[in-house]
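Working notes for the structure below.
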Amino acid sequence: MGANTRGFANLLNTDGTFLSGAINNTSVSGITDLPTAAKSDLVPNIGYGLGNDSAMEHYHGARSGVGVFDGTYDAYCFTFTNVRPVTDNVEFQWGASTNNGSDYAVVKTTTVFDAGNNESDSNNFGYDTGADLTQSSSYCRIARNVSSDSDHGVCGELWIFDVASTTHVKHFYSVVSANDRLDREYKTFVAGYLNTTTAVNAVAFRFASGNLSTGNIRVYGLK
Amino acid sequence: MGQATRNIANSFTTSGVITSSAVNNTSLGNITDLSAGGSLILLSEQTASASSSISFTSGIDSTYDEYWFIFNQCHPSNIGPNFDFHTSTNGGSSYGTTATSTFFVAYQGEGGASSALTYDTGNDEAQTTVGVTLGGSGYLNDESASGILKFYNPSSTTYVKHFISQMSVTHGNYTYECQNIFSAGYFNTTSAIDAVKFQFSAGNVDAGTIQMFGVK
């Protein structure tokens with residue numbers, strides 16, 4: 001009993017709270033269910049509120065060391081909520097870096113197709129040969145012809161897989177819903193791979209011309 | 001008191017580590033957030049049982065920028081109806097928010113004879129208030145619709161409200177066909193949307209579950 005008491009006391013702070021060593025995997029092995037609010041496999045990492053930024057860069061250690069972008073997670077998800085440009089009729093796009101953001105020129109090959117419909121019910125659907133990339137170091141499309149109207153924006157997500165791999169190319173896909181300059185709704189699908197076996201350690205989001213006006217970009221890791 | 005002390009002591013190893021019997025589900029019942037936890041928060045789950053519609057009239061607010069709805073085996077009572085998404089700006093008193101959307105589908109019959117990828121002009125919307133079609137389903141016992149809807153920033157009073165969905169549907173009624181259905185669009189309002197409703201265009205939602213998650 002004395003040994004137990006001493007051991008117990010050594011795992012408590014003076015205010016009575018448990019030190020980290022007090023609970024380990026064995027301690028919680030009897031837990032088969034967590035309260036609803038505590039469940040998930042999509043781990044939030046960092047959020048970026050946009051305000052007239054030329055670009056949003058995410059790299060490992062971003063924002064005072066908080067940002068994570070390495071082999072911690074097998075997949076990263078970037079979500080876009082009402083990302084809006086300063087300039088009307090511009091492409092929303094992203095690039096990847098293997099040199100911590102010195103440049104975002106990783107070579108990539110992609111496919112692009114989209115479905116559009118405007119408020120007068122004029123629609124189109126098809127593969128966009130003008131937007132796909134073939135072994136290109138250019139930025140990659142996420143959304144086309146984005147409107148700068150005050151109530152418009154880009155909503156959706158980009159997934160990038162196994163960014164830290166030094167064996168494989170890095171696959172990705174994005175899907176977004178966005179308003180274009182003619183009040184057309186566009187759902188755009190892009191997929192492809194970053195053709196490098198070097199670890200990718202930074203990404204940047206921008207509009208092809210002008211700044212990011214408003215909106216949010218959040219980063220998640222899939223555990 | 002002596003017994004309580006002994007019980008407490010038995011919950012620890014001699015080195016002071018908490019044993020497996022000392023922590024159970026109830027012990028963690030007050031945990032509503034984990035700093036190392038995830039971001040998908042299950043807010044509500046509803047199971048259909050010959051339901052005319054499935055509505056979520058609470059929990060849609062500014063707490064989350066993004067909401068996910070997971071449809072699991074939604075099965076209609078009638079032959080071949082659409083599965084529709086409606087929104088409300090008055091807590092569900094009425095539905096009919098104006099929407100514009102796109103809709104395309106890839107399908108393949110079980111016999112392999114009918115397959116295509118095509119835009120469906122009959123199921124997109126252009127400034128209508130009739131609700132947005134996300135998919136459909138055959139009504140035979142083993143047919144249903146499953147998928148996911150992502151709904152962005154519904155409480156914004158600045159932006160229109162975008163959504164993206166993808167559903168896998170068994171839809172052939174007597175010929176059996178797999179359909180992969182993609183819809184997206186926006187509800188053209190800058191008022192906050194605070195309630196949503198899902199229903200088949202004819203008949204009831206006989207069975208199935210719909211979960212609503214907040215993404216933090």
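Ordering of the structure tokens sets the chain letters (A, B, ...), residue numbers begin anew at 1 in every chain, and ligands are numbered from 1 in the order given.
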
Practice task
Using DSSP on the backbone, list every residue of stretch 15-188 of chain B that comes out as strand (DSSP E or B), and give them as a PyMOL selection string.
Solution key: chain B and resi 18+40-47+51+54-56+66-76+82-88+99-109+115-119+125-128+132-136+145-152+161-170+177-187

Problem - Contact set, chain A to chain B: 8 Å, only C-alpha atoms, as a PyMOL selection string - result: chain A and resi 1+3-11+21-24+26-44+81-82+115-121+123-125+150-153+155-156+176-178+185-187

Take the residues that were just selected and, keeping C-alpha atoms, output them as a PDB file, in the first residue's frame.
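The result, stored in again19.pdb:
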```pdb
ATOM      1  CA  MET A   1       0.000   0.000   0.000  1.00  0.00           C
ATOM      2  CA  ALA A   3       4.456   1.774  -2.540  1.00  0.00           C
ATOM      3  CA  ASN A   4       1.177   2.338  -4.348  1.00  0.00           C
ATOM      4  CA  THR A   5       0.604   5.596  -2.536  1.00  0.00           C
ATOM      5  CA  ARG A   6       4.089   6.849  -3.278  1.00  0.00           C
ATOM      6  CA  GLY A   7       3.806   5.835  -6.922  1.00  0.00           C
ATOM      7  CA  PHE A   8       0.456   7.502  -7.180  1.00  0.00           C
ATOM      8  CA  ALA A   9       1.704  10.685  -5.563  1.00  0.00           C
ATOM      9  CA  ASN A  10       4.623  10.856  -7.960  1.00  0.00           C
ATOM     10  CA  LEU A  11       2.213  11.021 -10.895  1.00  0.00           C
ATOM     11  CA  GLY A  21       2.701   9.346 -17.241  1.00  0.00           C
ATOM     12  CA  ALA A  22      -0.329   8.467 -15.148  1.00  0.00           C
ATOM     13  CA  ILE A  23      -2.418   7.212 -18.033  1.00  0.00           C
ATOM     14  CA  ASN A  24      -0.991   5.024 -20.765  1.00  0.00           C
ATOM     15  CA  THR A  26      -3.044  -0.002 -20.941  1.00  0.00           C
ATOM     16  CA  SER A  27      -4.897   2.378 -18.672  1.00  0.00           C
ATOM     17  CA  VAL A  28      -7.477   3.118 -21.346  1.00  0.00           C
ATOM     18  CA  SER A  29      -7.658  -0.343 -22.888  1.00  0.00           C
ATOM     19  CA  GLY A  30     -11.091  -0.800 -21.344  1.00  0.00           C
ATOM     20  CA  ILE A  31     -12.514   2.113 -23.330  1.00  0.00           C
ATOM     21  CA  THR A  32     -14.470   0.795 -26.261  1.00  0.00           C
ATOM     22  CA  ASP A  33     -16.368   3.949 -27.091  1.00  0.00           C
ATOM     23  CA  LEU A  34     -15.799   7.678 -26.787  1.00  0.00           C
ATOM     24  CA  PRO A  35     -18.373  10.403 -26.330  1.00  0.00           C
ATOM     25  CA  THR A  36     -19.767  11.502 -29.662  1.00  0.00           C
ATOM     26  CA  ALA A  37     -17.974  14.821 -29.645  1.00  0.00           C
ATOM     27  CA  ALA A  38     -14.559  13.238 -29.214  1.00  0.00           C
ATOM     28  CA  LYS A  39     -14.661  10.889 -32.200  1.00  0.00           C
ATOM     29  CA  SER A  40     -12.905  11.426 -35.479  1.00  0.00           C
ATOM     30  CA  ASP A  41     -10.127  10.456 -37.776  1.00  0.00           C
ATOM     31  CA  LEU A  42      -9.646  13.819 -39.448  1.00  0.00           C
ATOM     32  CA  VAL A  43      -7.261  15.780 -37.285  1.00  0.00           C
ATOM     33  CA  PRO A  44      -7.421  19.556 -37.547  1.00  0.00           C
ATOM     34  CA  THR A  81     -14.548  28.015 -47.518  1.00  0.00           C
ATOM     35  CA  ASN A  82     -15.674  30.973 -49.621  1.00  0.00           C
ATOM     36  CA  ALA A 115     -19.706  20.644 -64.994  1.00  0.00           C
ATOM     37  CA  GLY A 116     -21.217  24.113 -65.260  1.00  0.00           C
ATOM     38  CA  ASN A 117     -24.696  25.569 -65.176  1.00  0.00           C
ATOM     39  CA  ASN A 118     -25.711  29.199 -65.070  1.00  0.00           C
ATOM     40  CA  GLU A 119     -28.737  30.844 -63.539  1.00  0.00           C
ATOM     41  CA  SER A 120     -30.486  30.796 -66.928  1.00  0.00           C
ATOM     42  CA  ASP A 121     -29.997  27.028 -67.181  1.00  0.00           C
ATOM     43  CA  ASN A 123     -24.977  24.149 -68.999  1.00  0.00           C
ATOM     44  CA  ASN A 124     -21.813  22.490 -70.156  1.00  0.00           C
ATOM     45  CA  PHE A 125     -19.845  19.449 -69.138  1.00  0.00           C
ATOM     46  CA  SER A 150     -19.009  39.971 -52.735  1.00  0.00           C
ATOM     47  CA  ASP A 151     -21.270  36.943 -52.208  1.00  0.00           C
ATOM     48  CA  HIS A 152     -19.231  34.531 -54.366  1.00  0.00           C
ATOM     49  CA  GLY A 153     -16.305  32.237 -53.663  1.00  0.00           C
ATOM     50  CA  CYS A 155     -15.749  25.985 -51.582  1.00  0.00           C
ATOM     51  CA  GLY A 156     -14.298  22.484 -51.604  1.00  0.00           C
ATOM     52  CA  VAL A 176     -14.730  22.390 -55.618  1.00  0.00           C
ATOM     53  CA  SER A 177     -17.958  24.264 -56.163  1.00  0.00           C
ATOM     54  CA  ALA A 178     -17.410  27.846 -57.319  1.00  0.00           C
ATOM     55  CA  GLU A 185     -21.889  27.364 -61.044  1.00  0.00           C
ATOM     56  CA  TYR A 186     -18.858  25.197 -61.746  1.00  0.00           C
ATOM     57  CA  LYS A 187     -18.022  21.918 -60.117  1.00  0.00           C
TER      58      LYS A 187
END
```

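Our summary of the geometry notes that atom CA of A:Ser213 is positioned 8.7 Å from atom CA of A:Thr87.
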
Problem - DSSP helix (DSSP H, G or I) residues within stretch 20-144 of chain B, as a count of residues only - result: 6

Handout entry: Nearest to B:Cys74 by atom-to-atom distance, counting only C-alpha atoms, from B:Ile54, B:Ala145, B:Cys178, B:Val105
Key = B:Ala145

Completion exercise
Separating atom CA of B:Gly203 from atom CA of B:Thr133, to the nearest tenth of an Å, is a gap of 15.3 Å

Exercise for the section: Using only C-alpha atoms, determine which residues lie at most 12 Å from A:Ala143, disregarding the query and same-chain residues fewer than 3 positions distant; provide the list as a VMD selection string. Expected result: chain A and resid 80 83 to 85 89 to 94 112 to 116 128 131 139 to 140 146 to 147 153 to 158 174 to 181 185 to 190 205 to 208

Handout entry: Which of B:Phe71, B:Tyr139, B:Phe187, B:Tyr107 sits closest to B:His86 [using only C-alpha atoms]
Key = B:Phe187

Practice task
State, in Å with one decimal place, the distance from atom CA of A:Arg141 to atom CA of A:Tyr173.
Solution key: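 Atom-to-atom, atom CA of A:Arg141 and atom CA of A:Tyr173 are spaced 10.8 Å apart.
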
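Distance annotation: of A:Val86, A:Ser148, A:Ala191, A:Thr198, the residue with the minimal separation from A:Thr166 is A:Thr198; atom set is only C-alpha atoms.
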
Handout entry: Residues within 10 Å of B:Thr89, only C-alpha atoms, excluding chain neighbours under 5 positions, as a list in words
Key = Ser94, Tyr95, Gly96, Thr97, Pro154, Ser155, Thr189, Thr190, Ser191, Ala192, Ile193, Asp194, Ala195 and Val196 of chain B

Go ahead and write the residues just picked, C-alpha atoms, as a PDB file, in the first residue's frame.
```pdb
ATOM      1  CA  SER B  94     -40.782  26.447 -44.874  1.00  0.00           C
ATOM      2  CA  TYR B  95     -38.362  25.165 -47.484  1.00  0.00           C
ATOM      3  CA  GLY B  96     -37.745  26.580 -50.923  1.00  0.00           C
ATOM      4  CA  THR B  97     -34.443  28.438 -51.080  1.00  0.00           C
ATOM      5  CA  PRO B 154     -24.600  27.794 -44.113  1.00  0.00           C
ATOM      6  CA  SER B 155     -24.836  30.526 -41.480  1.00  0.00           C
ATOM      7  CA  THR B 189     -29.238  33.499 -50.607  1.00  0.00           C
ATOM      8  CA  THR B 190     -27.187  35.602 -48.231  1.00  0.00           C
ATOM      9  CA  SER B 191     -29.559  34.739 -45.391  1.00  0.00           C
ATOM     10  CA  ALA B 192     -28.395  32.110 -42.931  1.00  0.00           C
ATOM     11  CA  ILE B 193     -29.634  28.602 -43.671  1.00  0.00           C
ATOM     12  CA  ASP B 194     -30.598  26.912 -40.417  1.00  0.00           C
ATOM     13  CA  ALA B 195     -32.494  23.781 -41.433  1.00  0.00           C
ATOM     14  CA  VAL B 196     -32.291  21.143 -44.150  1.00  0.00           C
TER      15      VAL B 196
END
```

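Here the question is which of A:Leu212, A:Ala75, A:Ala202, A:Ile217 gets nearest to A:His58 using only C-alpha atoms, and that residue is A:Ala202.
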
Handout entry: Selection: 12 Å around A:Gly65, only C-alpha atoms, excl. self and same-chain fewer than 5 positions, as an NGL selection string
Key = :A and (45-46 or 58-60)

Once you have the residues from the selection above, write them out as a tab-separated table (two decimals), in the first residue's frame, restricted to N, CA, C and O atoms.
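Result saved to out.tsv:
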```tsv
chain	number	residue	atom	x	y	z
A	45	ASN	N	-5.38	20.72	-38.09
A	45	ASN	CA	-4.03	21.18	-37.83
A	45	ASN	C	-3.99	22.70	-37.70
A	45	ASN	O	-3.61	23.23	-36.64
A	46	ILE	N	-4.36	23.39	-38.73
A	46	ILE	CA	-4.22	24.84	-38.70
A	46	ILE	C	-5.21	25.46	-39.69
A	46	ILE	O	-5.56	24.84	-40.70
A	58	HIS	N	1.55	26.97	-46.95
A	58	HIS	CA	1.53	26.04	-45.82
A	58	HIS	C	2.77	25.16	-45.90
A	58	HIS	O	3.03	24.54	-46.92
A	59	TYR	N	3.52	25.13	-44.82
A	59	TYR	CA	4.72	24.32	-44.76
A	59	TYR	C	4.89	23.80	-43.34
A	59	TYR	O	4.23	24.28	-42.41
A	60	HIS	N	5.73	22.83	-43.18
A	60	HIS	CA	5.95	22.27	-41.85
A	60	HIS	C	6.56	23.34	-40.94
A	60	HIS	O	7.56	23.96	-41.28
```
